[in-house]
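Listing of model_23.cif; format and content: mmCIF, C-alpha atoms and all ligand atoms.
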data_my_file
loop_
_atom_site.label_atom_id
_atom_site.label_comp_id
_atom_site.auth_asym_id
_atom_site.auth_seq_id
_atom_site.Cartn_x
_atom_site.Cartn_y
_atom_site.Cartn_z
CA MET A 1 117.57 104.49 42.83
CA GLY A 2 115.63 105.80 45.80
CA ASN A 3 114.85 104.58 49.27
CA PHE A 4 111.13 104.89 49.91
CA ALA A 5 108.66 103.92 52.62
CA VAL A 6 104.96 103.27 52.15
CA LEU A 7 102.89 103.32 55.34
CA GLY A 8 99.77 101.21 54.95
CA ALA A 9 99.64 97.73 53.42
CA GLY A 10 96.03 97.82 52.24
CA ALA A 11 95.18 97.55 48.56
CA TRP A 12 96.34 101.05 47.62
CA GLY A 13 99.51 101.11 49.75
CA THR A 14 100.54 97.74 48.35
CA ALA A 15 99.87 98.82 44.74
CA LEU A 16 101.83 102.08 45.18
CA ALA A 17 104.70 100.25 46.89
CA LYS A 18 104.76 97.84 43.95
CA VAL A 19 104.96 100.74 41.48
CA LEU A 20 107.96 102.18 43.34
CA ALA A 21 109.64 98.80 43.89
CA ASP A 22 109.13 97.73 40.26
CA LYS A 23 111.21 100.77 39.29
CA GLY A 24 114.10 99.28 41.26
CA ASN A 25 113.73 101.50 44.33
CA ARG A 26 114.26 99.95 47.74
CA THR A 27 110.69 100.24 49.06
CA THR A 28 109.65 99.36 52.57
CA LEU A 29 105.96 98.60 53.06
CA TRP A 30 104.74 99.05 56.62
CA ALA A 31 101.67 97.08 57.70
CA HIS A 32 99.47 98.19 60.60
CA ARG A 33 98.95 94.50 61.37
CA PRO A 34 102.40 92.84 61.65
CA GLU A 35 101.01 89.46 60.53
CA ILE A 36 100.23 91.01 57.13
CA ALA A 37 103.93 91.96 56.77
CA GLU A 38 104.90 88.40 57.74
CA HIS A 39 102.54 86.92 55.16
CA ILE A 40 103.84 89.23 52.42
CA ALA A 41 107.46 88.38 53.31
CA ARG A 42 106.68 84.67 53.15
CA ASP A 43 104.41 84.52 50.09
CA ARG A 44 105.51 87.65 48.13
CA VAL A 45 101.82 88.51 47.76
CA ASN A 46 99.37 90.50 49.90
CA ALA A 47 96.66 87.85 49.88
CA ARG A 48 94.39 89.77 52.25
CA TYR A 49 94.28 93.14 50.46
CA LEU A 50 95.66 92.68 46.94
CA PRO A 51 95.33 88.98 46.12
CA GLY A 52 96.96 87.39 43.10
CA ILE A 53 99.56 90.14 42.52
CA ALA A 54 103.20 89.01 42.79
CA LEU A 55 105.35 91.54 44.64
CA PRO A 56 109.00 92.17 43.66
CA GLU A 57 112.03 91.41 45.83
CA THR A 58 112.78 95.16 46.06
CA LEU A 59 109.65 95.49 48.24
CA HIS A 60 110.41 94.91 51.92
CA PRO A 61 107.42 94.36 54.20
CA THR A 62 107.71 95.24 57.87
CA GLY A 63 105.54 95.73 60.93
CA ASP A 64 108.13 98.09 62.46
CA LEU A 65 107.41 101.75 61.78
CA GLU A 66 110.87 102.96 62.78
CA GLU A 67 112.52 100.47 60.42
CA ALA A 68 110.16 101.57 57.64
CA VAL A 69 110.88 105.30 57.73
CA ARG A 70 114.53 105.33 58.85
CA GLY A 71 116.68 106.66 56.02
CA ALA A 72 113.74 107.11 53.64
CA GLU A 73 113.87 109.90 51.05
CA MET A 74 110.09 109.79 50.60
CA VAL A 75 107.39 108.48 52.94
CA VAL A 76 104.00 107.75 51.36
CA VAL A 77 101.13 107.61 53.85
CA VAL A 78 98.26 105.40 52.64
CA VAL A 79 96.36 104.37 55.76
CA PRO A 80 92.61 104.96 56.10
CA SER A 81 92.11 108.65 56.89
CA HIS A 82 90.89 107.95 60.44
CA GLY A 83 94.26 106.32 61.21
CA LEU A 84 96.55 108.86 59.55
CA ARG A 85 97.07 111.12 62.58
CA ASP A 86 98.12 108.27 64.89
CA VAL A 87 100.43 106.67 62.34
CA VAL A 88 102.18 109.97 61.56
CA ARG A 89 102.50 110.78 65.25
CA GLN A 90 104.15 107.40 65.87
CA ALA A 91 106.46 107.79 62.85
CA ARG A 92 107.40 111.43 63.63
CA PRO A 93 110.44 110.77 65.87
CA TYR A 94 112.07 108.63 63.17
CA LEU A 95 111.39 110.78 60.09
CA PRO A 96 114.60 111.98 58.38
CA PRO A 97 114.84 115.81 58.45
CA GLU A 98 114.48 116.44 54.69
CA VAL A 99 112.08 113.61 53.90
CA LEU A 100 109.37 114.13 51.28
CA ILE A 101 105.92 113.19 52.57
CA CYS A 102 103.13 112.15 50.24
CA SER A 103 99.60 111.40 51.41
CA ALA A 104 97.50 109.12 49.23
CA SER A 105 94.61 108.74 51.68
CA LYS A 106 91.25 110.19 50.66
CA GLY A 107 89.21 111.58 53.50
CA ILE A 108 88.39 114.33 55.99
CA GLU A 109 89.07 113.71 59.67
CA GLN A 110 85.93 113.47 61.78
CA GLU A 111 85.65 115.81 64.80
CA SER A 112 88.47 118.16 63.63
CA LEU A 113 87.04 118.32 60.06
CA MET A 114 90.63 118.63 58.82
CA LEU A 115 91.88 117.59 55.40
CA MET A 116 94.80 115.14 55.45
CA SER A 117 97.21 118.00 54.64
CA GLU A 118 95.89 119.90 57.67
CA VAL A 119 96.32 116.82 59.88
CA LEU A 120 99.89 116.45 58.61
CA HIS A 121 100.63 120.11 59.34
CA ASP A 122 99.07 119.73 62.75
CA GLU A 123 101.30 116.76 63.60
CA LEU A 124 104.53 117.74 61.83
CA GLY A 125 104.44 121.56 61.91
CA THR A 126 103.85 124.05 59.11
CA HIS A 127 107.58 124.13 58.26
CA VAL A 128 107.09 120.78 56.46
CA SER A 129 104.65 122.40 54.01
CA PRO A 130 107.01 122.48 51.00
CA ARG A 131 107.77 118.79 51.49
CA LEU A 132 104.12 117.69 51.72
CA THR A 133 102.36 116.37 48.63
CA TYR A 134 99.04 114.73 47.98
CA LEU A 135 98.39 111.99 45.41
CA SER A 136 94.86 111.50 44.06
CA GLY A 137 92.86 110.73 40.94
CA PRO A 138 90.96 107.86 39.33
CA SER A 139 92.99 104.81 40.30
CA PHE A 140 91.65 101.44 41.39
CA ALA A 141 94.54 99.71 43.18
CA LYS A 142 93.98 96.45 41.34
CA GLU A 143 94.29 98.10 37.90
CA VAL A 144 97.43 100.02 38.87
CA ALA A 145 98.96 96.84 40.31
CA VAL A 146 98.53 94.93 37.04
CA GLY A 147 99.85 97.83 34.99
CA GLN A 148 96.62 99.07 33.40
CA PRO A 149 97.12 102.62 32.03
CA THR A 150 96.18 105.13 34.73
CA ALA A 151 96.45 108.90 35.18
CA VAL A 152 96.75 110.51 38.61
CA VAL A 153 97.75 113.89 39.99
CA VAL A 154 100.25 114.91 42.69
CA ALA A 155 99.62 118.26 44.35
CA GLY A 156 102.06 120.20 46.48
CA ALA A 157 102.73 123.76 47.59
CA SER A 158 106.30 123.77 46.28
CA GLU A 159 107.13 122.98 42.67
CA PRO A 160 110.53 121.21 43.04
CA GLU A 161 109.28 118.78 45.71
CA THR A 162 106.03 118.13 43.83
CA HIS A 163 108.05 117.47 40.70
CA ALA A 164 110.28 115.01 42.59
CA VAL A 165 107.25 113.02 43.78
CA GLN A 166 105.71 113.15 40.30
CA GLN A 167 108.93 111.67 38.88
CA ALA A 168 109.15 109.05 41.61
CA PHE A 169 105.77 107.52 40.78
CA ALA A 170 105.69 108.01 37.01
CA THR A 171 106.00 104.96 34.75
CA ASP A 172 104.93 104.21 31.19
CA ARG A 173 101.67 102.85 32.69
CA LEU A 174 101.13 105.44 35.42
CA ARG A 175 100.97 108.98 34.07
CA VAL A 176 101.38 111.50 36.88
CA TYR A 177 100.28 115.12 36.49
CA SER A 178 101.28 117.82 38.96
CA SER A 179 99.23 120.57 40.58
CA LEU A 180 99.89 123.38 43.04
CA ASP A 181 96.31 123.24 44.38
CA VAL A 182 96.58 120.87 47.34
CA VAL A 183 93.19 121.76 48.84
CA GLY A 184 91.34 121.37 45.52
CA VAL A 185 92.95 118.00 44.82
CA GLU A 186 92.27 116.79 48.37
CA ILE A 187 88.63 117.87 48.42
CA GLY A 188 87.98 116.28 45.03
CA GLY A 189 89.48 112.98 46.23
CA ALA A 190 87.62 112.93 49.53
CA LEU A 191 84.18 114.08 48.36
CA LYS A 192 83.91 111.85 45.28
CA ASN A 193 83.53 108.91 47.66
CA VAL A 194 80.35 110.41 49.11
CA VAL A 195 78.85 110.98 45.67
CA ALA A 196 79.84 107.41 44.71
CA ILE A 197 77.69 106.11 47.58
CA ALA A 198 74.76 108.13 46.18
CA ALA A 199 75.38 106.87 42.63
CA GLY A 200 75.62 103.29 43.87
CA ALA A 201 72.35 103.69 45.75
CA ALA A 202 70.66 105.02 42.60
CA ASP A 203 71.84 101.94 40.71
CA GLY A 204 70.76 99.65 43.55
CA LEU A 205 67.31 101.23 43.53
CA GLY A 206 67.07 100.40 39.84
CA PHE A 207 67.35 103.94 38.46
CA GLY A 208 68.99 104.55 35.12
CA HIS A 209 71.87 106.34 33.44
CA ASN A 210 70.12 109.72 33.73
CA ALA A 211 70.10 109.54 37.53
CA ARG A 212 73.78 108.62 37.64
CA ALA A 213 74.81 111.41 35.26
CA GLY A 214 72.75 113.90 37.27
CA LEU A 215 74.39 112.81 40.52
CA ILE A 216 77.91 113.01 39.05
CA THR A 217 77.31 116.50 37.66
CA ARG A 218 75.47 117.97 40.61
CA GLY A 219 77.89 116.18 42.93
CA LEU A 220 80.72 117.96 41.19
CA ALA A 221 78.89 121.28 41.69
CA GLU A 222 78.76 120.85 45.46
CA ILE A 223 82.36 119.59 45.59
CA ALA A 224 83.41 122.76 43.70
CA ARG A 225 81.46 124.96 46.15
CA LEU A 226 83.20 123.39 49.15
CA ALA A 227 86.60 123.54 47.42
CA MET A 228 86.15 127.23 46.59
CA THR A 229 85.07 128.05 50.14
CA LYS A 230 88.24 126.33 51.41
CA GLY A 231 90.34 128.51 49.11
CA ALA A 232 90.85 126.13 46.18
CA ASN A 233 90.53 126.87 42.48
CA PRO A 234 87.13 125.36 41.50
CA LEU A 235 88.61 124.31 38.14
CA THR A 236 90.88 121.85 39.95
CA VAL A 237 87.92 119.60 40.76
CA ALA A 238 87.08 119.42 37.07
CA GLY A 239 90.35 117.50 36.71
CA LEU A 240 91.52 114.01 37.65
CA SER A 241 90.84 114.42 41.35
CA GLY A 242 87.19 115.43 41.14
CA MET A 243 85.52 114.77 37.83
CA GLY A 244 87.96 112.00 36.87
CA ASP A 245 87.52 110.14 40.14
CA LEU A 246 83.75 110.75 40.16
CA VAL A 247 83.43 109.10 36.77
CA LEU A 248 85.51 106.12 37.91
CA THR A 249 83.96 105.60 41.31
CA CYS A 250 80.34 106.32 40.35
CA THR A 251 80.47 103.88 37.44
CA GLY A 252 83.17 101.31 38.26
CA GLU A 253 82.11 98.06 39.87
CA LEU A 254 85.45 97.82 41.68
CA SER A 255 84.52 100.82 43.84
CA ARG A 256 83.97 99.98 47.50
CA ASN A 257 82.04 103.22 48.04
CA ARG A 258 79.73 102.60 45.12
CA THR A 259 79.20 99.06 46.47
CA VAL A 260 78.11 100.42 49.85
CA GLY A 261 75.48 102.60 48.16
CA PHE A 262 74.44 99.87 45.75
CA GLU A 263 73.83 97.32 48.49
CA MET A 264 71.94 99.85 50.62
CA GLY A 265 69.84 100.70 47.57
CA LYS A 266 69.01 96.99 47.39
CA GLY A 267 67.80 97.14 50.98
CA ARG A 268 70.78 95.94 53.04
CA THR A 269 71.76 97.83 56.19
CA LEU A 270 75.02 99.80 56.38
CA GLU A 271 76.30 97.57 59.19
CA ASP A 272 75.63 94.45 57.16
CA VAL A 273 77.37 95.85 54.06
CA LEU A 274 80.43 97.05 55.98
CA ALA A 275 80.74 93.70 57.76
CA SER A 276 81.12 91.91 54.42
CA LEU A 277 83.12 94.56 52.50
CA GLY A 278 86.58 93.58 53.77
CA HIS A 279 88.06 97.00 52.85
CA VAL A 280 87.67 100.60 53.95
CA ALA A 281 84.92 102.67 52.26
CA GLU A 282 86.11 106.18 53.11
CA GLY A 283 82.88 107.80 51.92
CA VAL A 284 81.04 106.49 54.97
CA LYS A 285 83.14 108.55 57.39
CA THR A 286 83.63 111.40 54.92
CA ALA A 287 79.85 111.79 54.52
CA LYS A 288 79.67 112.88 58.16
CA SER A 289 82.80 115.04 58.03
CA ALA A 290 81.67 116.76 54.83
CA TYR A 291 78.13 117.23 56.10
CA ASP A 292 79.50 118.86 59.28
CA LEU A 293 82.04 120.92 57.29
CA GLY A 294 79.36 122.12 54.87
CA ARG A 295 77.17 123.27 57.76
CA LYS A 296 80.13 124.91 59.51
CA LEU A 297 81.18 126.82 56.38
CA ASP A 298 77.59 127.41 55.19
CA VAL A 299 78.08 125.53 51.92
CA GLU A 300 75.00 124.03 50.32
CA MET A 301 75.64 120.28 49.82
CA PRO A 302 72.34 118.54 49.15
CA ILE A 303 73.69 115.20 47.89
CA THR A 304 76.16 114.94 50.76
CA SER A 305 73.37 115.79 53.20
CA GLU A 306 71.10 113.04 51.87
CA VAL A 307 73.94 110.49 51.93
CA TYR A 308 74.63 111.53 55.53
CA ARG A 309 70.96 111.04 56.47
CA ALA A 310 70.82 107.63 54.79
CA LEU A 311 74.02 106.47 56.54
CA TYR A 312 73.61 108.06 59.97
CA GLU A 313 69.91 108.77 60.50
CA GLY A 314 68.33 105.67 59.02
CA LYS A 315 66.64 107.50 56.13
CA SER A 316 65.73 105.18 53.27
CA PRO A 317 67.75 105.73 50.07
CA ARG A 318 64.47 105.94 48.12
CA GLN A 319 63.19 108.76 50.34
CA ALA A 320 66.57 110.51 49.99
CA VAL A 321 66.12 110.51 46.19
CA VAL A 322 62.53 111.80 46.51
CA ASP A 323 63.74 114.64 48.72
CA LEU A 324 66.60 115.51 46.36
CA MET A 325 64.22 115.69 43.41
CA ASN A 326 61.71 117.86 45.29
CA ARG A 327 64.10 120.54 46.47
CA ALA A 328 63.18 124.09 45.49
CA LEU A 329 63.97 124.67 41.82
CA THR A 330 67.13 126.68 41.26
CA ARG A 331 69.62 127.94 38.65
CA GLU A 332 72.36 125.63 37.48
N1 LIG B 401 92.01 100.85 47.02
C1 LIG B 401 92.07 101.78 46.08
O1 LIG B 401 91.84 101.49 44.91
C2 LIG B 401 92.43 103.19 46.45
C3 LIG B 401 92.83 104.05 45.44
C4 LIG B 401 93.14 105.37 45.74
C5 LIG B 401 93.08 105.80 47.07
N2 LIG B 401 92.71 104.93 48.04
C6 LIG B 401 92.71 105.44 49.42
O2 LIG B 401 93.81 104.86 50.11
C7 LIG B 401 93.52 104.76 51.51
C8 LIG B 401 93.76 103.33 51.95
O3 LIG B 401 92.84 102.51 51.25
P1 LIG B 401 93.11 100.99 50.87
O4 LIG B 401 92.30 100.71 49.67
O5 LIG B 401 94.55 100.69 50.81
O6 LIG B 401 92.45 100.28 52.14
P2 LIG B 401 92.19 98.73 52.43
O7 LIG B 401 90.82 98.61 52.97
O8 LIG B 401 92.58 97.89 51.25
O9 LIG B 401 93.24 98.45 53.60
C9 LIG B 401 93.19 99.18 54.78
C10 LIG B 401 94.55 99.07 55.46
O10 LIG B 401 94.58 99.98 56.56
C11 LIG B 401 94.94 99.27 57.74
N3 LIG B 401 94.30 99.95 58.86
C12 LIG B 401 93.05 99.80 59.32
N4 LIG B 401 92.83 100.65 60.35
C13 LIG B 401 93.98 101.33 60.52
C14 LIG B 401 94.39 102.34 61.43
N5 LIG B 401 93.58 102.83 62.36
N6 LIG B 401 95.64 102.84 61.32
C15 LIG B 401 96.49 102.38 60.36
N7 LIG B 401 96.15 101.42 59.50
C16 LIG B 401 94.92 100.90 59.57
C17 LIG B 401 94.50 97.85 57.51
O11 LIG B 401 95.23 96.95 58.31
C18 LIG B 401 94.84 97.70 56.03
O12 LIG B 401 96.19 97.43 55.84
C19 LIG B 401 92.05 105.21 51.64
O13 LIG B 401 92.02 106.55 52.06
C20 LIG B 401 91.48 105.07 50.24
O14 LIG B 401 90.42 105.96 50.00
C21 LIG B 401 92.40 103.63 47.78
O1 LIG B 402 87.05 101.64 45.86
P1 LIG B 402 86.86 103.06 46.28
O2 LIG B 402 85.44 103.51 46.17
O3 LIG B 402 87.45 103.31 47.64
O4 LIG B 402 87.69 103.97 45.27
C1 LIG B 402 89.07 103.72 45.11
C2 LIG B 402 89.78 104.91 44.54
O5 LIG B 402 89.61 106.05 45.34
C3 LIG B 402 89.44 105.21 43.12
O6 LIG B 402 90.20 106.29 42.64
#

How would this structure read if it were set down as structure tokens?
Amino acid sequence: MGNFAVLGAGAWGTALAKVLADKGNRTTLWAHRPEIAEHIARDRVNARYLPGIALPETLHPTGDLEEAVRGAEMVVVVVPSHGLRDVVRQARPYLPPEVLICSASKGIEQESLMLMSEVLHDELGTHVSPRLTYLSGPSFAKEVAVGQPTAVVVAGASEPETHAVQQAFATDRLRVYSSLDVVGVEIGGALKNVVAIAAGAADGLGFGHNARAGLITRGLAEIARLAMTKGANPLTVAGLSGMGDLVLTCTGELSRNRTVGFEMGKGRTLEDVLASLGHVAEGVKTAKSAYDLGRKLDVEMPITSEVYRALYEGKSPRQAVVDLMNRALTRE
């Protein structure tokens, strides 16, 4: 059995820690807010982020980052993408030399416009590259936590390490594929959240299935363009992290990103929706990062641009749809 650490006790970190702990691994779950660790230790449930799910005794909550990573064979980082750099920097002095590192956060850092793998390289050095992996794909935390069948993908630059992480997470309910295309898998996971906001807005505005299918498909086209420009294989985003996660998040009512778009489509303000959401909706920050990255790399991203304008420039979702529909006609 392994000795694993999961950094981030939100819904996804808790669900992934439960997967590892249910397999009999000693799994330490680090919470950004120490009181969350105390509550989990007392109640054996994360009532704030994953209510109603009993957590096994093999899962050890802590608010102490050093305690969490000391002696770990694999550290899984699952904090919101805007917090990943700080958490990794704080954990760095205590990381065992040969530790495997897996990021399960979906986002692009604002300002630097770096993918999570680039942030990890920046903080830990490029020599860690073979030990870095990235987990993504269509996976609502709540469904994984109750053992609903789910398929995800783990990407890494080095096959043996990627295979080790694939094996660590795999169960008869969680099927884990592997990939060597880290950038493609990361971009698919980050950008689907932006398209989910658009699809939610379309639903909130009262549009139909046609609009949603159009957004998913054309959203995938702009995700593929960005992925290719960043050196990824565009076919990667037709897989679980890309098309798979677009289908889930653009249609599933559990999606926080879709909810943000849906409520804005109904007329609520972004601030109002975020105040009541209770969880991170990565697409809000990623819309800005991706918009800036698209402009920097000269990649045409019309859906991302309209989501950005609706979130950051006060454009009405209805006007954003009108402008998308009236763009110059083009080839598919
Ligand atoms: N929830 C899911 O179903 C799901 C599935 C796949 C991937 N993800 C991704 O996992 C990541 C985490 O999402 P989640 O659903 O667990 O979030 P969540 O909203 O459920 O919880 C957020 C957690 O992050 C902590 N936090 C807040 N700010 C922080 C900071 N600056 N530094 C460190 N920690 C901070 C909070 O205390 C909380 O524990 C996101 O990138 C998300 O896109 C989520
Ligand atoms: O609830 P969302 O929109 O953050 O989506 C959660 C996961 O990323 C789904 O794969």

Original post:
Val182 (chain A): which residues within 6 Å, counting all atoms listed in the file, same-chain residues fewer than 3 positions away excluded, as a PyMOL selection string?
Top reply: chain A and resi 155-156+185

Next, the residues of the selection above should be written as a PDB file, in the frame of the given file with C-alpha atoms.
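Written out: part07.pdb:
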ATOM      1  CA  ALA A 155      99.620 118.260  44.350  1.00  0.00           C
ATOM      2  CA  GLY A 156     102.060 120.200  46.480  1.00  0.00           C
ATOM      3  CA  VAL A 185      92.950 118.000  44.820  1.00  0.00           C
TER       4      VAL A 185
END

Quick one: residues within 6 Å of ligand LIG 401 (chain B), with all atoms listed in the file, as a PDB file with C-alpha atoms, in the coordinates of the input?
ATOM      1  CA  GLY A   8      99.770 101.210  54.950  1.00  0.00           C
ATOM      2  CA  ALA A   9      99.640  97.730  53.420  1.00  0.00           C
ATOM      3  CA  GLY A  10      96.030  97.820  52.240  1.00  0.00           C
ATOM      4  CA  ALA A  11      95.180  97.550  48.560  1.00  0.00           C
ATOM      5  CA  TRP A  12      96.340 101.050  47.620  1.00  0.00           C
ATOM      6  CA  GLY A  13      99.510 101.110  49.750  1.00  0.00           C
ATOM      7  CA  ALA A  31     101.670  97.080  57.700  1.00  0.00           C
ATOM      8  CA  HIS A  32      99.470  98.190  60.600  1.00  0.00           C
ATOM      9  CA  ARG A  33      98.950  94.500  61.370  1.00  0.00           C
ATOM     10  CA  TYR A  49      94.280  93.140  50.460  1.00  0.00           C
ATOM     11  CA  VAL A  78      98.260 105.400  52.640  1.00  0.00           C
ATOM     12  CA  VAL A  79      96.360 104.370  55.760  1.00  0.00           C
ATOM     13  CA  PRO A  80      92.610 104.960  56.100  1.00  0.00           C
ATOM     14  CA  SER A  81      92.110 108.650  56.890  1.00  0.00           C
ATOM     15  CA  GLY A  83      94.260 106.320  61.210  1.00  0.00           C
ATOM     16  CA  ALA A 104      97.500 109.120  49.230  1.00  0.00           C
ATOM     17  CA  SER A 105      94.610 108.740  51.680  1.00  0.00           C
ATOM     18  CA  LYS A 106      91.250 110.190  50.660  1.00  0.00           C
ATOM     19  CA  GLY A 107      89.210 111.580  53.500  1.00  0.00           C
ATOM     20  CA  SER A 139      92.990 104.810  40.300  1.00  0.00           C
ATOM     21  CA  PHE A 140      91.650 101.440  41.390  1.00  0.00           C
ATOM     22  CA  ALA A 141      94.540  99.710  43.180  1.00  0.00           C
ATOM     23  CA  HIS A 279      88.060  97.000  52.850  1.00  0.00           C
ATOM     24  CA  VAL A 280      87.670 100.600  53.950  1.00  0.00           C
ATOM     25  CA  GLU A 282      86.110 106.180  53.110  1.00  0.00           C
TER      26      GLU A 282
END

Original post:
Taking (95.6, 110.5, 59.4) in the file's coordinates as the center, which residues reach within 10 Å of it, counting all atoms listed in the file, put as a list in words?
Top reply: Val77, Val78, Val79, Pro80, Ser81, His82, Gly83, Leu84, Arg85, Asp86, Val87, Val88, Arg89, Ser103, Ser105, Lys106, Gly107, Ile108, Glu109, Met114, Leu115, Met116, Ser117, Glu118, Val119, Leu120 and Glu123 of chain A

**OP:** Residues within 9 Å of ligand LIG 402 (chain B), counting all atoms listed in the file: report them as JSON, numbers by chain.
**Re:** {"A": [12, 105, 106, 136, 137, 138, 139, 140, 141, 152, 189, 190, 192, 193, 196, 197, 241, 244, 245, 246, 248, 249, 250, 252, 253, 254, 255, 256, 257, 258, 259, 260, 279, 280, 281, 282, 283]}

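Nearest residue to Val284 (chain A), choosing from A:Gln110, A:Gln166, A:Thr251, A:Gln148 and counting all atoms listed in the file: A:Gln110.
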
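Excluding Pro34 (chain A) itself and any same-chain residue fewer than 3 positions from it, the protein and nucleic acid residues within 8 Å of it, counting all atoms listed in the file, are A:Ala31, A:Ala37, A:Glu38, A:Thr62, A:Gly63, A:Asp64.
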
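Take CA of Thr162 (chain A) and CA of Gly219 (chain A): the distance between them is 28.2 Å.
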
**OP:** Identify, on the basis of only C-alpha atoms, every residue whose closest approach to region 318-323 of chain A does not exceed 12 Å; exclude the query and any residue fewer than 2 positions from it along the same chain; express the result as a PyMOL selection string.
**Re:** chain A and resi 198-199+201-207+211-212+214-215+261-262+264-267+302-311+313-316+325-328

Original post:
So which residues touch Ile223 (chain A) within 8 Å, counting all atoms listed in the file, skipping near sequence neighbours fewer than 5 positions away, as a PyMOL selection string?
Top reply: chain A and resi 187-188+191-192+237+242+301

Could you take the residues named above and write them with C-alpha atoms, as an mmCIF file, in the frame of the given file?
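Produced file result_18.cif, reproduced below:
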data_model
loop_
_atom_site.group_PDB
_atom_site.id
_atom_site.type_symbol
_atom_site.label_atom_id
_atom_site.label_comp_id
_atom_site.auth_asym_id
_atom_site.auth_seq_id
_atom_site.Cartn_x
_atom_site.Cartn_y
_atom_site.Cartn_z
ATOM 1 C CA ILE A 187 88.630 117.870 48.420
ATOM 2 C CA GLY A 188 87.980 116.280 45.030
ATOM 3 C CA LEU A 191 84.180 114.080 48.360
ATOM 4 C CA LYS A 192 83.910 111.850 45.280
ATOM 5 C CA VAL A 237 87.920 119.600 40.760
ATOM 6 C CA GLY A 242 87.190 115.430 41.140
ATOM 7 C CA MET A 301 75.640 120.280 49.820
#

Subject >> Distance criterion (only C-alpha atoms): nearest to Thr171 (chain A) out of A:Val19, A:Val6, A:Leu329, A:Ala221 >> reply: A:Val19

Original post:
Quick one, how far is CA of Ala287 (chain A) from CA of Thr126 (chain A)?
Top reply: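 For CA of Ala287 (chain A) relative to CA of Thr126 (chain A), the distance reads 27.3 Å.
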
Counting only C-alpha atoms, what is within 12 Å of Asp172 (chain A), bar same-chain residues fewer than 4 positions away, as a tab-separated table (two decimals) with C-alpha atoms, keeping the file's coordinate frame?
chain	number	residue	atom	x	y	z
A	19	VAL	CA	104.96	100.74	41.48
A	22	ASP	CA	109.13	97.73	40.26
A	23	LYS	CA	111.21	100.77	39.29
A	144	VAL	CA	97.43	100.02	38.87
A	147	GLY	CA	99.85	97.83	34.99
A	148	GLN	CA	96.62	99.07	33.40
A	149	PRO	CA	97.12	102.62	32.03
A	150	THR	CA	96.18	105.13	34.73
A	151	ALA	CA	96.45	108.90	35.18
A	167	GLN	CA	108.93	111.67	38.88
A	176	VAL	CA	101.38	111.50	36.88
